[in-house]
Structure formats: structure tokens, C-alpha cells
Number of protein chains: 2
Amino acid sequence: MLREAIAILDEAGEPALTFRALAARLGGGVASIYWYVGSRDELLELATEDVMGGVLAESEPLTHGTDPVANVRAIALALFDEFVRRPWFGQFMLRNSGLQPNSMAMFERLGQQLMRLDLTPKQRFHAVSSVVSYVVGVAIDLAEPPPKEYLESGLAPAEFLRVLGDRWRALDPEAFPFAHQVADEMATHDDVDVFRSGLDLLLDGLRLQAGLRPAPLDVGREPSR
Amino acid sequence: MLREAIAILDEAGEPALTFRALAARLGGGVASIYWYVGSRDELLELATEDVMGGVLAESEPLTHGTDPVANVRAIALALFDEFVRRPWFGQFMLRNSGLQPNSMAMFERLGQQLMRLDLTPKQRFHAVSSVVSYVVGVAIDLAEPPPKEYLESGLAPAEFLRVLGDRWRALDPEAFPFAHQVADEMATHDDVDVFRSGLDLLLDGLRLQAGLRPAPLDVGREPSR
DNA sequence: GAGAATATAGAACAGCGTTCGATACGATGC
DNA sequence: GCATCGTATCGAACGCTGTTCTATATTCTC
């Protein structure tokens, strides 16, 4: 049943997961679902936990590298991948305050990497919280349903970005010099690049705090300048 | 009318803003609201834009400092303040993809600060996006309604945090060394401290990228170690 | 075979956003 | 003075939602 629920979420997003839709898919009655799950929220909770379990399993090999910060980076990127695959996942990842086992395990996994750094417990706690917050922030952005203006336009995603860029470029350069300057970036940006950039800023700050040299450039990172 | 809508949001949160509740408060009929606003989503959009306008106005003086990164920091903290005051605000800040004037203006304001840094347009675009994502991530966390376990317990917020910390401490130290280590931090942490820490990591990384010295310690920052 | 635990649904309820159609009010035009 | 048109209001209904109640099968245990 959880499988079918996740399938609906994957295919049509969170609003599409109604008890009636799920019951129809299962070929059963609506009320039957309540035998297995207490509420819709609980169902979403189970779904996110299930997916988080998958990410946890898939990203396990990423935890054995010698550079703990690089490991955190790799794990975060694995999470990002899942957000792209399942936009609904990001929306609910934070819904549970770390009480679910798998979410807790992800938190623990990130924290364990940071235990190999010369930091105070408080700094470690703050650092993990920050990485999670950043990741969630990007996830929410990705999960945001496209504006209906886009849906009506019938444009391809890349084309719509170009239109958005054009709109920024058309703004008054006096009042919006920045929008004007980055209109091209807006038009051509790739989400994963943006995610990686911000993550690297955060992790560079963390390296600095831990008294490490800036960053090894050998893990597919673009040079900082 | 927008005033009353925001009042409901402030008093009882986003789910409480129903057209029927709003109509009752206005002493009118439900359908009348549709004369002024096309849908509930549009109403929420107007509300967030209105609040963002307020933050924009209040934080204007924070943009004149000599250190652009410190200015970004101050603006972000002003946003955070609003999230604490209005948890619903954070939830919807990102709902509009920068099409609303005030959200756009906030984006522009952050970007203009970064124009004073020696960065490429792409780096600037990524940096602003990252700061926004981080801020939104924290906002979402804050907006998360407290678990019903907490509501049923009747505990004060600080006490509930202590309970959560105790629970982490009770975990198997072999399997959860990190949770064990930061249980105290979890129990005693202050949200604004966590927010500030992560923001500073991000901004330190940005300073590094711009070729600046780490950070002036004179703006109320705690030393990095 | 009796009875308990497990499992399944149909029907109904209250609430939601939204739409429809009717009804006023006031200014404008002839 | 009367008709007309845009502004503004609203009661009633529609279709949808999560959820609950109650009744009924199915299966396992003694």
C-alpha cells in the first residue's frame, strides 16, 4: 500500500495523494486505508521515511572517504538527487522533527562525519543543522509547483527560464542593476549547479571554522574564482 | 481586508485562514471575498507580499554599512525576525518565483550588496540564491507546527526541548555517538543562534570566494573557535 | 463449532475552496 | 425622470476533501 501511495506521489505530486485516489488504485474502499494508517499526515510521514531509508542505503558508500567534509558534500548531493526525482520528498523531509528513525539516521550520519573535525559539540550541532536547513531550503524551492503562467504558456522548461531572464533584463537598470546583471544566469542556470555552489560556500566556511585549508579541488569542484 | 487576513494568519496560522473565517471576521458573506481576490492562493500571495514590503522598509537602514557581507547578514537576520513573529510568512515566501515586486526587491537588495564584491555574475547569482535558500530552509523549520506530542504534553517549549535532548542522550552511544554528543545542544539551543551560525558559515565561505579576509569580529559575532 | 482478532467497506458528516445567480447601490447618459 | 451600466454584496449550492461510524466478512485460535 505504501508502494502505491509513493507511486501516486511520484506520478502526480502531493495534492494527488487523496484517500479516494489511493483506494481506487488499490481496488478497495476508502475507509480500509485507516486500518493501516491513522491519518493522511501519517501516510505522508511513512512515505518520506521510506524514501529517506532508500537514500540512506544508497548513500552509505559515500561515507567512507577520507575527507569528512567531502563526505557531507556527497551525501547532500545524494539528497538533492532524490529531490529532483521526487519533488514531494523535500517538502516533507522536515515535517517530522527528527523523530522518525531514518531522518534521525541521516542527521546522525552527517554528524558523525563532523565528529572527525576539530570542532566543539555546539559548532558541530550548528553545522549539521545549517546543512540540513540549506538542503531543505533548496528542496522547497524545487518542490514549488511551476507557476500557472508557465503551465499555460506550454513552453519547455529551458525556454521559460529564458523568458524569465528576458523579463529581468527588461527591468530598469537603474533600479535593478543586479537583476539586470544576472538575467543571463537566471536564463541559463542549472539547479544542481546552484545547489552545489551554495553547498560549497557553506562547507568552505565550515572548513575555515575547523582550521582546515580551504578545499581540495579534486572532487569535481570548480575553482573558487 | 488584507489586514484582517494577516491578522488571522498571525493569530492562528495558515490553516486557520479560511474564507468562511475571514468572511465572519469581516461581517460579510463568503462569496464577497472573491470580488477582491481570485483565490485563496492569491490571498496568501498578497499577504506575503505585504509583509515582505514591511521587512523591506524596516531593513532599509541596514543596507548602508561599509561591509556588504555584513549588510547581507543584517538583512537576513531581519528576515529571520519576521519568521519568528510570523511563522506562516516563511512558508510562503518562496511560493512566488520572484515575480512579486517586493520579493523581487528583496532579491535585488541582497544582490546589490554582492555587486560590491569581486565576484563573477554567476558567483553572485549563486550566492544570493544560496542565502535565500538557507533562509527559507530555516524558515520552513520554524514554521513547522510543533508535533502533537508536544501539544498534548502541555510542557513549556524549553522543557520539551529538554525532553527531546534526554531522548537523544538515551540512544545507544555506539550507534548514535553524534546524537549522544549534541543532546545537550539540542536541549538548550536557541533558534536564532543556530540560524546565525549557519549564516556565518555561508558568508565566511563567500568572503573566502571573494578573496576577502575571514571576517571582522566586531559585529556581534562569536569567534569562530 | 464458538469466539476473538484481523481486515474490509458503504454511507454519512463536517469542512473546505469555489461558482452561480440574484440582488442591491450609485453614478452616468439621454 | 428613467434606463443603464459598473461596483459591490451574498445565500445557496457543487464537488471535493479527510475522517468516523457501523456493519460485515475472513481467518486464526482454543
# chains A, B, ... in the order shown; residues from 1 in each chain; ligands from 1

$ interface_residues --of "chain B" --to "chain D" --cutoff "10 Å" --atoms "only C-alpha atoms (C1' of nucleotides)" --output "JSON, numbers by chain"
{"B": [28, 29, 30, 31, 32, 33, 35, 36]}

$ write_last_selection --atoms "N, CA and C atoms" --output "compact mmCIF listing (two decimals), in the first residue's frame"
# COMPACT_ATOMS: atom_id res chain seq x y z
N GLY B 28 -19.24 39.78 6.70
CA GLY B 28 -19.86 39.73 5.38
C GLY B 28 -20.05 38.31 4.91
N GLY B 29 -20.37 38.16 3.66
CA GLY B 29 -20.59 36.84 3.09
C GLY B 29 -19.31 36.26 2.53
N VAL B 30 -19.32 34.96 2.36
CA VAL B 30 -18.11 34.28 1.90
C VAL B 30 -17.77 34.67 0.46
N ALA B 31 -18.78 34.72 -0.36
CA ALA B 31 -18.55 34.94 -1.78
C ALA B 31 -18.04 36.35 -2.07
N SER B 32 -18.28 37.25 -1.15
CA SER B 32 -17.86 38.64 -1.37
C SER B 32 -16.35 38.76 -1.53
N ILE B 33 -15.64 37.87 -0.84
CA ILE B 33 -14.18 37.94 -0.87
C ILE B 33 -13.66 37.80 -2.30
N TRP B 35 -14.68 39.06 -4.80
CA TRP B 35 -14.69 40.31 -5.56
C TRP B 35 -13.31 40.96 -5.53
N TYR B 36 -12.61 40.74 -4.43
CA TYR B 36 -11.31 41.40 -4.26
C TYR B 36 -10.13 40.51 -4.60

$ closest_residue --among "A:Asp67, A:Glu82, A:Glu185, A:Glu152" --to "chain B" --atoms "only C-alpha atoms"
A:Glu185

$ interface_residues --of "chain C" --to "chain B" --cutoff "9 Å" --atoms "only C-alpha atoms (C1' of nucleotides)" --output "count of residues only"
3

$ interface_residues --of "chain A" --to "chain B" --cutoff "7 Å" --atoms "only C-alpha atoms" --output "PyMOL selection string"
chain A and resi 94-95+108+111-112+121-122+125-127+130+133-134+136-138+141+144+176+178-179+181-182+185+194+197-198+201-202+204-206+209+224-225

$ atom_distance --atom1 "atom CA of Glu58 of chain A" --atom2 "atom CA of Asn71 of chain A"
13.5 Å

$ atom_distance --atom1 "atom CA of Met93 of chain A" --atom2 "atom CA of Leu151 of chain A"
26.4 Å

$ residues_around --residues "Thr48 of chain B" --least-positions-apart "6" --cutoff "12 Å" --atoms "only C-alpha atoms (C1' of nucleotides)" --output "compact mmCIF listing (two decimals) with C-alpha atoms, in the first residue's frame"
# COMPACT_ATOMS: atom_id res chain seq x y z
CA LEU B 2 -5.86 42.12 3.68
CA ARG B 3 -5.30 43.45 7.18
CA ALA B 5 -6.45 38.15 6.65
CA ILE B 6 -2.98 38.82 8.00
CA LEU B 9 -2.64 34.28 9.94
CA ASP B 10 -0.76 35.91 12.81
CA GLU B 14 -2.14 29.40 7.88
CA ASP B 41 -3.59 31.25 -3.09
CA GLU B 42 -3.75 34.78 -4.38
CA GLY B 54 7.27 45.74 5.66
CA VAL B 55 10.53 43.86 6.09
CA LEU B 56 11.91 45.71 3.10
CA GLU B 82 9.90 38.23 10.81
CA PHE B 83 9.83 34.43 10.63
CA ARG B 86 5.05 35.23 11.69
CA PRO B 87 5.83 31.56 11.14
CA TRP B 88 3.41 31.43 8.20
CA PHE B 89 5.42 34.05 6.36
CA GLY B 90 8.41 31.82 5.81
CA GLN B 91 6.25 29.07 4.40
CA PHE B 92 5.06 31.19 1.52
CA MET B 93 7.97 33.49 0.90
CA LEU B 94 9.22 31.23 -1.82
CA ARG B 95 5.82 30.35 -3.20
CA ASN B 96 6.15 33.02 -5.84
CA GLN B 100 6.08 39.61 -6.93
CA PRO B 101 7.55 43.10 -6.68
CA ASN B 102 8.58 43.03 -3.05
CA SER B 103 10.11 39.56 -3.17

$ select_by_dssp --residues "segment 64-138 of chain B" --states "alpha helix (DSSP H)" --output "number ranges by chain"
B: 68-85, 87-93, 101-114, 121-138
